[in-house]
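Coordinates as given in model.txt (compact mmCIF, C-alpha atoms):
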```
# COMPACT_ATOMS: atom_id res chain seq x y z
CA MET A 232 31.98 104.24 52.97
CA ASN A 233 29.43 105.16 55.63
CA ASP A 234 27.80 108.59 56.12
CA SER A 235 30.36 109.67 58.70
CA GLU A 236 33.14 109.07 56.16
CA LYS A 237 31.52 110.83 53.20
CA PRO A 238 32.52 114.36 52.28
CA PHE A 239 29.69 116.69 53.26
CA TYR A 240 28.86 117.42 49.62
CA GLN A 241 28.07 113.74 49.02
CA VAL A 242 25.50 113.38 51.79
CA GLU A 243 22.18 112.19 50.35
CA PRO A 244 18.86 113.91 51.18
CA ALA A 245 16.94 112.35 54.05
CA PRO A 246 14.22 109.94 52.84
CA ALA A 247 11.91 111.21 55.60
CA PHE A 248 10.84 114.19 53.47
CA THR A 249 10.15 112.32 50.23
CA ASP A 250 6.99 113.61 48.50
CA ALA A 251 5.83 115.50 51.60
CA ARG A 252 2.69 117.44 50.69
CA ASP A 253 0.48 117.37 53.79
CA PRO A 254 2.11 118.14 57.17
CA PHE A 255 -0.44 116.09 59.09
CA VAL A 256 0.24 113.02 56.96
CA LEU A 257 3.97 113.46 57.48
CA PHE A 258 3.47 114.03 61.22
CA ALA A 259 1.38 110.86 61.49
CA ALA A 260 4.14 108.87 59.78
CA TRP A 261 6.79 110.29 62.11
CA MET A 262 4.64 109.67 65.19
CA ALA A 263 4.07 106.06 64.12
CA GLU A 264 7.83 105.56 63.91
CA ALA A 265 8.34 107.27 67.27
CA GLU A 266 5.80 104.96 68.91
CA LYS A 267 8.02 102.05 67.89
CA SER A 268 11.35 103.54 68.93
CA GLU A 269 10.80 105.88 71.90
CA ILE A 270 11.09 104.24 75.32
CA ASN A 271 8.61 106.54 77.06
CA ASP A 272 5.82 108.86 75.95
CA PRO A 273 6.39 109.39 72.22
CA ASN A 274 3.47 111.83 72.41
CA ALA A 275 5.27 114.09 74.91
CA VAL A 276 5.47 117.66 73.66
CA THR A 277 6.69 120.99 74.97
CA VAL A 278 4.01 123.69 74.98
CA ALA A 279 5.26 127.28 75.14
CA THR A 280 3.13 130.27 76.09
CA VAL A 281 3.69 133.82 77.34
CA ASP A 282 2.43 135.42 80.55
CA GLU A 283 0.85 138.85 80.95
CA ALA A 284 4.29 140.48 81.05
CA GLY A 285 5.36 138.76 77.83
CA MET A 286 7.69 136.38 79.69
CA PRO A 287 7.93 133.00 77.92
CA ASP A 288 6.82 129.89 79.76
CA ALA A 289 7.13 126.24 78.71
CA ARG A 290 6.28 122.80 80.02
CA MET A 291 5.85 119.20 78.86
CA VAL A 292 2.37 117.81 78.22
CA LEU A 293 1.02 114.77 76.40
CA LEU A 294 -0.53 115.10 72.96
CA LYS A 295 -3.97 113.48 73.10
CA GLY A 296 -5.25 114.08 69.60
CA VAL A 297 -4.19 115.30 66.17
CA ASP A 298 -6.12 115.78 62.96
CA ALA A 299 -6.39 118.33 60.16
CA GLN A 300 -7.66 120.90 62.68
CA GLY A 301 -4.62 120.76 64.92
CA PHE A 302 -2.87 119.29 67.97
CA VAL A 303 -4.88 118.67 71.16
CA PHE A 304 -3.85 118.44 74.81
CA TYR A 305 -5.92 118.61 78.00
CA THR A 306 -5.39 120.68 81.12
CA ASN A 307 -6.85 122.50 84.09
CA LEU A 308 -7.93 125.81 82.54
CA GLU A 309 -7.07 127.56 85.82
CA SER A 310 -3.44 126.39 85.62
CA ALA A 311 -0.64 128.73 84.57
CA LYS A 312 -0.83 127.61 80.95
CA GLY A 313 -4.61 127.78 80.98
CA ARG A 314 -4.58 131.37 82.25
CA GLU A 315 -1.81 132.38 79.87
CA LEU A 316 -3.62 130.93 76.87
CA ALA A 317 -6.86 132.63 77.93
CA ALA A 318 -5.01 135.95 77.82
CA VAL A 319 -2.87 135.30 74.71
CA SER A 320 -4.38 132.49 72.66
CA ARG A 321 -1.26 131.56 70.73
CA ALA A 322 1.25 128.83 71.46
CA ALA A 323 4.27 126.95 70.19
CA MET A 324 4.93 123.22 70.50
CA VAL A 325 8.07 121.12 70.09
CA PHE A 326 8.18 117.35 69.69
CA HIS A 327 11.63 115.78 70.06
CA TRP A 328 12.26 112.13 69.30
CA LYS A 329 15.85 111.45 70.31
CA SER A 330 15.80 107.85 69.08
CA LEU A 331 14.96 109.09 65.56
CA ARG A 332 17.01 112.29 65.72
CA ARG A 333 13.96 114.27 64.67
CA GLN A 334 11.91 117.15 65.94
CA VAL A 335 8.71 118.91 64.88
CA ARG A 336 7.94 122.54 65.73
CA VAL A 337 4.38 123.90 65.65
CA ARG A 338 3.12 127.48 66.03
CA GLY A 339 -0.39 128.88 65.84
CA PRO A 340 -3.51 130.16 67.57
CA VAL A 341 -5.23 128.10 70.25
CA GLU A 342 -8.90 127.24 70.60
CA HIS A 343 -10.97 125.11 72.98
CA VAL A 344 -12.11 121.67 71.90
CA SER A 345 -15.85 121.07 71.96
CA ALA A 346 -17.56 120.05 75.20
CA ARG A 347 -18.31 116.68 73.59
CA GLU A 348 -14.63 116.08 72.78
CA ALA A 349 -13.61 117.03 76.32
CA ASP A 350 -16.32 114.86 77.88
CA ASP A 351 -15.39 111.86 75.76
CA TYR A 352 -11.70 112.11 76.59
CA PHE A 353 -12.33 112.72 80.30
CA ALA A 354 -14.57 109.64 80.43
CA SER A 355 -11.71 107.54 78.99
CA ARG A 356 -9.32 108.42 81.83
CA ALA A 357 -8.68 106.24 84.85
CA LYS A 358 -10.94 107.12 87.76
CA GLY A 359 -7.97 108.11 89.89
CA SER A 360 -6.96 110.65 87.26
CA GLN A 361 -10.54 111.92 87.05
CA ILE A 362 -10.59 112.48 90.80
CA GLY A 363 -7.17 114.12 90.61
CA ALA A 364 -8.55 116.64 88.11
CA TRP A 365 -11.10 117.70 90.73
CA ALA A 366 -8.64 117.67 93.63
CA SER A 367 -5.72 119.59 92.14
CA LYS A 368 -5.68 123.39 92.13
CA GLN A 369 -3.05 123.18 89.43
CA SER A 370 -0.18 125.71 89.51
CA ARG A 371 -1.41 127.36 92.72
CA PRO A 372 0.44 127.27 96.06
CA LEU A 373 0.18 124.01 98.02
CA GLU A 374 0.57 124.36 101.78
CA SER A 375 1.48 120.69 102.26
CA ARG A 376 1.29 117.30 100.61
CA PHE A 377 -1.25 116.35 103.24
CA ALA A 378 -3.56 119.12 102.01
CA LEU A 379 -3.54 117.55 98.55
CA GLN A 380 -4.20 114.09 100.00
CA LYS A 381 -7.19 115.50 101.91
CA ARG A 382 -8.65 116.95 98.73
CA VAL A 383 -8.16 113.66 96.91
CA ALA A 384 -9.92 111.82 99.75
CA LYS A 385 -12.74 114.40 99.70
CA TYR A 386 -13.52 113.87 96.02
CA ALA A 387 -12.98 110.12 96.19
CA ALA A 388 -15.66 110.00 98.89
CA LYS A 389 -17.93 112.40 97.00
CA PHE A 390 -18.01 110.35 93.84
CA GLY A 391 -17.65 106.93 95.47
CA LEU A 392 -18.81 104.33 93.00
CA SER A 393 -20.60 106.84 90.76
CA ARG A 394 -19.45 108.27 87.44
CA VAL A 395 -17.05 111.20 87.81
CA PRO A 396 -18.22 114.19 85.74
CA ARG A 397 -15.74 116.41 83.96
CA PRO A 398 -14.84 119.45 86.11
CA PRO A 399 -15.97 122.76 84.56
CA HIS A 400 -12.40 124.05 84.84
CA TRP A 401 -10.88 121.10 82.93
CA SER A 402 -10.92 120.81 79.14
CA GLY A 403 -8.90 120.45 75.98
CA LEU A 404 -6.99 123.02 73.96
CA ARG A 405 -6.18 122.73 70.29
CA VAL A 406 -3.17 124.42 68.69
CA CYS A 407 -4.28 125.25 65.14
CA PRO A 408 -0.97 125.46 63.29
CA LEU A 409 0.00 128.18 60.88
CA THR A 410 3.57 126.87 60.81
CA ILE A 411 4.85 123.29 61.12
CA GLU A 412 8.56 122.61 60.75
CA PHE A 413 10.05 119.14 60.38
CA TRP A 414 13.71 118.77 61.36
CA HIS A 415 15.83 115.69 60.69
CA ASP A 416 19.38 115.24 61.89
CA ARG A 417 21.94 114.72 59.13
CA PRO A 418 25.72 114.18 59.15
CA PHE A 419 28.07 117.13 59.58
CA ARG A 420 25.18 119.17 61.05
CA LEU A 421 23.76 119.64 57.56
CA HIS A 422 20.30 118.93 58.90
CA GLU A 423 17.13 118.75 56.81
CA ARG A 424 14.48 121.38 57.60
CA LEU A 425 11.12 121.46 55.83
CA VAL A 426 8.54 124.10 56.76
CA PHE A 427 4.82 124.21 55.99
CA ARG A 428 3.25 127.68 56.27
CA ARG A 429 -0.14 129.30 55.82
CA ASP A 430 -1.60 132.66 56.85
CA ASN A 431 -4.84 131.19 58.23
CA LYS A 432 -6.25 127.73 58.80
CA ASP A 433 -8.45 127.89 55.68
CA GLU A 434 -5.53 128.40 53.30
CA ALA A 435 -3.51 125.77 51.47
CA TRP A 436 -0.05 125.00 52.82
CA ARG A 437 3.09 126.49 51.29
CA THR A 438 6.38 124.65 51.74
CA GLU A 439 10.00 125.67 51.77
CA ARG A 440 13.29 124.25 52.89
CA LEU A 441 15.57 126.06 55.30
CA TYR A 442 19.31 126.11 55.77
CA PRO A 443 20.41 124.05 58.80
```
Translate the structure described by the file into structure tokens.
Amino acid sequence: MNDSEKPFYQVEPAPAFTDARDPFVLFAAWMAEAEKSEINDPNAVTVATVDEAGMPDARMVLLKGVDAQGFVFYTNLESAKGRELAAVSRAAMVFHWKSLRRQVRVRGPVEHVSAREADDYFASRAKGSQIGAWASKQSRPLESRFALQKRVAKYAAKFGLSRVPRPPHWSGLRVCPLTIEFWHDRPFRLHERLVFRRDNKDEAWRTERLYP
């Protein structure tokens, strides 16, 4: 008898949550599995913010770092998300790995990474991407594609064969989670939900399970 044939009351707990004590350890394990099973960008994540009117906003970015401090992504600080996070420094993130039927939800305050972290990551990018960070006025009106091409050509000529410095308006943001929820699909929509919570980043995590 397979899972789809079992009565709902006989469905076994998902092994993914076994002995989960540290959300970052569990996240690392899930990400490692996603890197093997996802076709594209297992580190893709939705980042949700709010604008000055309280209207929600969301977009996909790529996770570029995770440790016990939080989840890091990089952006133009003058973009919509950069401006929104400067005004309200709290965000939510959602990872969804369809191949694994799992998702992770993260909520917490946002802080800037150090200049050293931002410099190191920027230096690791392809030169074309470095030039693009200078050329793009992210989220602002673009009069034509040709205007963007002109700006790319301008900065390509400016830096030529030299090292491209990190733009002052480009850096990393770290979501420091106060809540991390792990969701795992289960038969009959009796999904597993495990939540880690804390009131501030210096506290120990508390865990609880939620109804599907």
Polymer residues at most 12 Å from segment 286-290 of chain A, only C-alpha atoms, same-chain spacing of 5 or more positions, as a PyMOL selection string: chain A and resi 275-281+306+310-316+319+321-326+370
Given all atoms listed in the file as the counted atoms, nearest of A:Gly391, A:Pro273, A:Gly296, A:Pro396 to Trp365 of chain A: A:Pro396
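Atom CA of His343 of chain A sits 27.2 Å away from atom CA of Arg252 of chain A.
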Selected residue, from A:Pro372, A:Pro254, A:Gly339, A:Pro443, that lies nearest to Phe419 of chain A when counting all atoms listed in the file: A:Pro443
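Residue nearest Asn431 of chain A within the list A:Ala263, A:Glu269, A:Arg338, A:Arg347: A:Arg338 [criterion: smallest interatomic distance, all atoms listed in the file].
Nearest-residue note for Ser330 of chain A: choosing from A:Leu404, A:Leu421, A:Leu373, A:Met262, the minimum distance belongs to A:Met262, counting all atoms listed in the file.
Considering the residues A:Ala354, A:Leu425, A:Val335, A:Ala349 and counting only C-alpha atoms, Arg394 of chain A has its shortest atom-to-atom contact with A:Ala354.
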Residues near segment 407-417 of chain A, cut-off 8 Å, only C-alpha atoms, skip fewer than 3 positions along chain, as JSON, numbers by chain: {"A": [245, 247, 254, 300, 301, 302, 332, 333, 334, 335, 336, 337, 338, 339, 340, 341, 342, 420, 421, 422, 423, 424, 425, 426, 427, 428, 429, 430, 431, 432]}
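With only C-alpha atoms as the atoms that count, the minimum distance from Lys295 of chain A to the choices A:Asn274, A:Asn307, A:Ser345, A:Ser393 is reached by A:Asn274.
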Atom-to-atom span, atom CA of His400 of chain A and atom CA of Glu348 of chain A, Å: 14.6 Å
Phe304 of chain A environment, 9 Å, only C-alpha atoms, sequence neighbours closer than 5 positions dropped, as a list in words: Val292, Leu293, Leu294, Lys295, Gly296, Ser402, Gly403, Leu404, Arg405 and Val406 of chain A
Export of prior selection with C-alpha atoms as a PDB file, keeping the file's coordinate frame:
```pdb
ATOM      1  CA  VAL A 292       2.370 117.810  78.220  1.00  0.00           C
ATOM      2  CA  LEU A 293       1.020 114.770  76.400  1.00  0.00           C
ATOM      3  CA  LEU A 294      -0.530 115.100  72.960  1.00  0.00           C
ATOM      4  CA  LYS A 295      -3.970 113.480  73.100  1.00  0.00           C
ATOM      5  CA  GLY A 296      -5.250 114.080  69.600  1.00  0.00           C
ATOM      6  CA  SER A 402     -10.920 120.810  79.140  1.00  0.00           C
ATOM      7  CA  GLY A 403      -8.900 120.450  75.980  1.00  0.00           C
ATOM      8  CA  LEU A 404      -6.990 123.020  73.960  1.00  0.00           C
ATOM      9  CA  ARG A 405      -6.180 122.730  70.290  1.00  0.00           C
ATOM     10  CA  VAL A 406      -3.170 124.420  68.690  1.00  0.00           C
TER      11      VAL A 406
END
```
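Note that atom CA of Asp350 of chain A and atom CA of Met291 of chain A are 22.6 Å apart.
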